[in-house]
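Here is the structure we will look at, set down as structure tokens.
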Amino acid sequence: MTSSPLRPQAPARADAPRTRPVLIAGGAGYIGSHTVRHFSALGLPVVVLDNLSTGHRQALERAAPGVELVQCNLLDRPALDALFARCQPRAVIHFAARAYVGESVTDPALYYRENVVATFTLLEAMRAAGCKTIVFSSTCATYGIPQRLPIDEQHPQAPISPYGRTKLHIEHMLADFAHAYGLRYAALRYFNAAGAARDGALGEHHEPETHLIPLVLQAALGLRPEIQVFGEDYDTPDGTCIRDYIHVEDLARAHQLALDALEAGQPSVIANLGTGEGYSVRQVIEAARKVTGRPIAARIVARRPGDPARLVSGGSLARELLGWTPQRPALEDILADAWRFAVAHPRGYDA
């Protein structure tokens, strides 16, 4: 992996569009690094932009050795202008964001600055450089508490956290830029990203970790004494919350297909990314016990405020418009891949 200075250089020759790189903002993060690996495996050139505040240089080294990393913040407009002038990316895939719901409640200013203002700065740099294609990492958190299940793309959007509201603001910004300036975009609303690369090279490493599957596997490894289950009195078959888990490699492929569709001339698109199947917290824990062959202690604690009982994806726009269907939808496969990474890297990339 190489790291580049941010000094202006002579613009690259305008080659055929597919020979110019795709700029992946937040490419050192969990989903971003898997997407870098997917693009690189297809022989598609990429440049990664990441400030490494939550991403990992080691993830990029494993995803695509030698990939160019430009370390800067999206709020740094002169740095973005220099990057666009030098690399002339044909499109942007935008993962860079703060993504902790609880943190967004206690520090909303951070989220409006790092998510909304930073994305505005990125879009303005794209507009100045004549780059008009972007694939945006959105979220099912824009829907809020479900009014119906499963949740399709026409479901009302009423986010209940500053995190969800910032993502919805960005969706609105994309639509306005598309109308006024000819931007073409895909906004992909993920459900619960999970899993790891099948060879164990890449996986999930957050500080702090808040996602259920890595926490459960940490308990299986003995790195934590138990897994806490937040509530057992929800209106679900076993009383615990139900979520739709989508394999991170399926998410990476969806971004490539979305970019392909935009570059083929399809209109801008908003689509859910999920499997359409929901699993409860108890089901995840029991499946993890089977996959790992280890005991996993679980303790019921109080509900967390704002947790919906069920979040399950509906809609078929990703299939109809992008040709995307999950290739690894089974919970056992998701857990097995995540376990492979956890065993090889019990303390994540820090090891």
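FYI, nothing fancy with the structure tokens labels: chains A, B, ... in order, residues from 1 per chain, ligands from 1 as they appear.
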
Non-local contacts of A:Gly239 (12 Å; only C-alpha atoms; under 2 positions in same chain excluded) as a VMD selection string: chain A and resid 229 to 237 241 to 242 279 to 283 300 303 309 to 310

For the selection you just gave me, I'd like the residues written to a file as an mmCIF file, in the first residue's frame, keeping C-alpha atoms.
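out.cif written:
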```cif
data_model
loop_
_atom_site.group_PDB
_atom_site.id
_atom_site.type_symbol
_atom_site.label_atom_id
_atom_site.label_comp_id
_atom_site.auth_asym_id
_atom_site.auth_seq_id
_atom_site.Cartn_x
_atom_site.Cartn_y
_atom_site.Cartn_z
ATOM 1 C CA VAL A 229 -29.284 -9.582 25.580
ATOM 2 C CA PHE A 230 -31.159 -6.300 25.675
ATOM 3 C CA GLY A 231 -34.710 -7.323 26.538
ATOM 4 C CA GLU A 232 -36.707 -10.548 26.208
ATOM 5 C CA ASP A 233 -40.233 -9.146 26.178
ATOM 6 C CA TYR A 234 -40.518 -7.952 22.579
ATOM 7 C CA ASP A 235 -43.393 -9.012 20.362
ATOM 8 C CA THR A 236 -41.357 -11.726 18.645
ATOM 9 C CA PRO A 237 -41.521 -15.533 18.890
ATOM 10 C CA CYS A 241 -35.178 -8.482 18.754
ATOM 11 C CA ILE A 242 -35.090 -9.730 15.172
ATOM 12 C CA TYR A 279 -33.073 -13.830 13.037
ATOM 13 C CA SER A 280 -33.599 -13.130 16.712
ATOM 14 C CA VAL A 281 -30.802 -12.425 19.179
ATOM 15 C CA ARG A 282 -31.377 -15.836 20.756
ATOM 16 C CA GLN A 283 -31.206 -17.514 17.339
ATOM 17 C CA ILE A 300 -30.804 -10.759 29.918
ATOM 18 C CA ARG A 303 -34.075 -3.005 26.835
ATOM 19 C CA ALA A 309 -38.665 -5.356 17.768
ATOM 20 C CA ARG A 310 -38.098 -6.327 14.118
#
```

Residue neighbourhood stretch 60-72 of chain A, 9 Å, only C-alpha atoms, exclusion window fewer than 3 positions, as a VMD selection string: chain A and resid 1 to 6 27 to 29 33 to 38 40 to 41 45 to 52 56 to 57 75 to 76 79 to 80 83 201 to 202

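When atom CA of A:Leu212 is paired with atom CA of A:Arg253, their separation reads 23.0 Å.
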
All strand (DSSP E or B) positions in stretch 16-145 of chain A, as a VMD selection string: chain A and resid 22 to 25 46 to 49 68 to 70 91 to 94 133 to 139

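Using only C-alpha atoms, the contacts of A:Gln147 at a cut-off of 10 Å, with sequence neighbours closer than 5 positions omitted, comprise His155, Pro156 and Gln157 of chain A.
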
Point-to-point distance from atom CA of A:Arg90 to atom CA of A:Cys131, Å rounded to tenths: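 For atom CA of A:Arg90 relative to atom CA of A:Cys131, the distance reads 6.2 Å.
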
Shell of 12 Å around A:Arg319, only C-alpha atoms, local chain residues under 6 positions omitted, as a PyMOL selection string: chain A and resi 254+257-258+261+269-275+325-326

Residue neighbourhood stretch 333-343 of chain A, 6 Å, only C-alpha atoms, exclusion window fewer than 3 positions, as a VMD selection string: chain A and resid 195 to 196 198 200 203 330 346

Could you write out that same residue set with N, CA and C atoms as a CSV table (one decimal), in the first residue's frame?
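Result saved to result_32.csv:
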```
chain,number,residue,atom,x,y,z
A,195,GLY,N,-20.4,-10.7,9.0
A,195,GLY,CA,-19.6,-11.7,8.3
A,195,GLY,C,-18.2,-11.1,8.1
A,196,ALA,N,-17.4,-11.8,7.3
A,196,ALA,CA,-16.0,-11.5,7.0
A,196,ALA,C,-15.7,-12.2,5.7
A,198,ARG,N,-14.2,-14.7,3.2
A,198,ARG,CA,-14.2,-16.2,3.4
A,198,ARG,C,-12.9,-16.8,3.7
A,200,GLY,N,-10.7,-15.4,5.7
A,200,GLY,CA,-10.3,-15.0,7.0
A,200,GLY,C,-9.3,-13.8,7.1
A,203,GLY,N,-12.1,-8.7,8.2
A,203,GLY,CA,-13.3,-8.9,9.1
A,203,GLY,C,-13.7,-7.6,9.8
A,330,ALA,N,-27.2,-17.3,4.3
A,330,ALA,CA,-27.5,-18.1,5.5
A,330,ALA,C,-26.7,-17.6,6.7
A,346,PRO,N,-8.0,-12.6,17.0
A,346,PRO,CA,-8.9,-12.4,18.1
A,346,PRO,C,-9.0,-11.0,18.6
```

Expected answer as an NGL selection string: alpha helix (DSSP H) residues in stretch 5-202 of chain A: :A and (30-41 or 57-63 or 77-87 or 101-106 or 108-111 or 118-129 or 162-181)

With C-alpha atoms kept, could you save the residues just selected as an mmCIF file, in the first residue's frame?
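Wrote again_32.cif, looks like this:
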```cif
data_model
loop_
_atom_site.group_PDB
_atom_site.id
_atom_site.type_symbol
_atom_site.label_atom_id
_atom_site.label_comp_id
_atom_site.auth_asym_id
_atom_site.auth_seq_id
_atom_site.Cartn_x
_atom_site.Cartn_y
_atom_site.Cartn_z
ATOM 1 C CA TYR A 30 -15.185 -2.650 7.538
ATOM 2 C CA ILE A 31 -17.393 -2.570 4.438
ATOM 3 C CA GLY A 32 -15.026 -0.250 2.582
ATOM 4 C CA SER A 33 -12.031 -2.601 2.779
ATOM 5 C CA HIS A 34 -14.096 -5.547 1.541
ATOM 6 C CA THR A 35 -15.255 -3.377 -1.363
ATOM 7 C CA VAL A 36 -11.664 -2.364 -2.161
ATOM 8 C CA ARG A 37 -10.775 -6.046 -2.263
ATOM 9 C CA HIS A 38 -13.751 -6.871 -4.500
ATOM 10 C CA PHE A 39 -12.905 -4.133 -7.004
ATOM 11 C CA SER A 40 -9.217 -5.039 -7.008
ATOM 12 C CA ALA A 41 -10.025 -8.714 -7.611
ATOM 13 C CA ARG A 57 -4.326 0.568 7.426
ATOM 14 C CA GLN A 58 -3.825 -3.186 7.980
ATOM 15 C CA ALA A 59 -7.221 -3.889 6.411
ATOM 16 C CA LEU A 60 -6.123 -2.183 3.208
ATOM 17 C CA GLU A 61 -2.795 -4.014 3.191
ATOM 18 C CA ARG A 62 -4.723 -7.280 3.248
ATOM 19 C CA ALA A 63 -7.491 -6.151 0.909
ATOM 20 C CA ARG A 77 -11.616 20.936 0.602
ATOM 21 C CA PRO A 78 -8.158 21.956 -0.726
ATOM 22 C CA ALA A 79 -6.936 18.384 -0.193
ATOM 23 C CA LEU A 80 -9.983 17.016 -2.022
ATOM 24 C CA ASP A 81 -9.464 19.417 -4.931
ATOM 25 C CA ALA A 82 -5.820 18.333 -5.220
ATOM 26 C CA LEU A 83 -6.830 14.670 -5.135
ATOM 27 C CA PHE A 84 -9.490 15.050 -7.837
ATOM 28 C CA ALA A 85 -7.121 17.058 -10.054
ATOM 29 C CA ARG A 86 -4.362 14.464 -9.780
ATOM 30 C CA CYS A 87 -6.331 11.200 -9.897
ATOM 31 C CA VAL A 101 -26.358 5.521 17.153
ATOM 32 C CA GLY A 102 -25.721 6.135 20.855
ATOM 33 C CA GLU A 103 -22.837 8.497 20.169
ATOM 34 C CA SER A 104 -25.015 10.428 17.729
ATOM 35 C CA VAL A 105 -27.515 11.070 20.527
ATOM 36 C CA THR A 106 -24.893 12.379 22.962
ATOM 37 C CA PRO A 108 -25.130 15.220 17.406
ATOM 38 C CA ALA A 109 -22.855 18.079 16.342
ATOM 39 C CA LEU A 110 -20.121 15.543 15.564
ATOM 40 C CA TYR A 111 -22.515 13.629 13.320
ATOM 41 C CA ALA A 118 -18.307 16.349 5.080
ATOM 42 C CA THR A 119 -20.525 14.843 2.380
ATOM 43 C CA PHE A 120 -21.485 18.317 1.164
ATOM 44 C CA THR A 121 -17.769 19.159 0.899
ATOM 45 C CA LEU A 122 -17.157 15.946 -1.059
ATOM 46 C CA LEU A 123 -20.054 16.676 -3.443
ATOM 47 C CA GLU A 124 -18.800 20.208 -4.043
ATOM 48 C CA ALA A 125 -15.323 18.876 -4.850
ATOM 49 C CA MET A 126 -16.873 16.352 -7.225
ATOM 50 C CA ARG A 127 -18.916 19.075 -8.895
ATOM 51 C CA ALA A 128 -15.867 21.286 -9.361
ATOM 52 C CA ALA A 129 -13.946 18.374 -10.897
ATOM 53 C CA PRO A 162 -29.295 11.862 14.795
ATOM 54 C CA TYR A 163 -27.296 9.161 12.966
ATOM 55 C CA GLY A 164 -30.338 8.126 10.924
ATOM 56 C CA ARG A 165 -31.311 11.750 10.329
ATOM 57 C CA THR A 166 -27.848 12.610 8.984
ATOM 58 C CA LYS A 167 -28.063 9.758 6.495
ATOM 59 C CA LEU A 168 -31.526 10.903 5.396
ATOM 60 C CA HIS A 169 -30.268 14.480 4.995
ATOM 61 C CA ILE A 170 -27.541 13.134 2.710
ATOM 62 C CA GLU A 171 -30.089 11.220 0.635
ATOM 63 C CA HIS A 172 -32.022 14.465 0.199
ATOM 64 C CA MET A 173 -28.821 16.296 -0.723
ATOM 65 C CA LEU A 174 -28.032 13.702 -3.387
ATOM 66 C CA ALA A 175 -31.502 14.084 -4.897
ATOM 67 C CA ASP A 176 -31.185 17.877 -4.963
ATOM 68 C CA PHE A 177 -27.726 17.750 -6.556
ATOM 69 C CA ALA A 178 -29.046 15.271 -9.112
ATOM 70 C CA HIS A 179 -31.900 17.598 -10.024
ATOM 71 C CA ALA A 180 -29.802 20.759 -10.215
ATOM 72 C CA TYR A 181 -26.369 19.590 -11.360
#
```

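Here the question is which of A:Leu74, A:Leu331, A:Ala219, A:Ile227 gets nearest to A:Val301 using only C-alpha atoms, and that residue is A:Ile227.
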
Selected residue of minimal separation from A:Gly43 among A:Thr292, A:Ser316, A:Thr210, A:Thr19, counting only C-alpha atoms: A:Thr19

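Note that atom CA of A:Ile151 and atom CA of A:Glu249 are 22.1 Å apart.
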
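Using only C-alpha atoms, the smallest distance between any of A:Ala91, A:Ala288, A:Leu322, A:Leu317 and A:Leu221 comes from A:Ala288.
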
Exercise: A:Pro225 partners within 10 Å, only C-alpha atoms, chain neighbours under 5 positions left out, as a ChimeraX atom specification: /A:218-220,296-298

Can I get the selected residues back with N, CA and C atoms, as a PDB file, in the first residue's frame?
```pdb
ATOM      1  N   GLN A 218     -16.680 -12.852  20.435  1.00  0.00           N
ATOM      2  CA  GLN A 218     -15.722 -12.517  21.490  1.00  0.00           C
ATOM      3  C   GLN A 218     -16.015 -13.320  22.753  1.00  0.00           C
ATOM      4  N   ALA A 219     -17.299 -13.509  23.049  1.00  0.00           N
ATOM      5  CA  ALA A 219     -17.663 -14.347  24.197  1.00  0.00           C
ATOM      6  C   ALA A 219     -17.236 -15.794  23.965  1.00  0.00           C
ATOM      7  N   ALA A 220     -17.388 -16.277  22.748  1.00  0.00           N
ATOM      8  CA  ALA A 220     -16.956 -17.644  22.425  1.00  0.00           C
ATOM      9  C   ALA A 220     -15.448 -17.803  22.578  1.00  0.00           C
ATOM     10  N   ILE A 296     -21.443 -20.251  25.084  1.00  0.00           N
ATOM     11  CA  ILE A 296     -21.525 -18.786  25.071  1.00  0.00           C
ATOM     12  C   ILE A 296     -22.563 -18.384  26.110  1.00  0.00           C
ATOM     13  N   ALA A 297     -22.103 -17.780  27.181  1.00  0.00           N
ATOM     14  CA  ALA A 297     -23.006 -17.354  28.251  1.00  0.00           C
ATOM     15  C   ALA A 297     -23.777 -16.116  27.803  1.00  0.00           C
ATOM     16  N   ALA A 298     -25.060 -16.088  28.126  1.00  0.00           N
ATOM     17  CA  ALA A 298     -25.908 -14.948  27.779  1.00  0.00           C
ATOM     18  C   ALA A 298     -26.667 -14.500  29.017  1.00  0.00           C
TER      19      ALA A 298
END
```
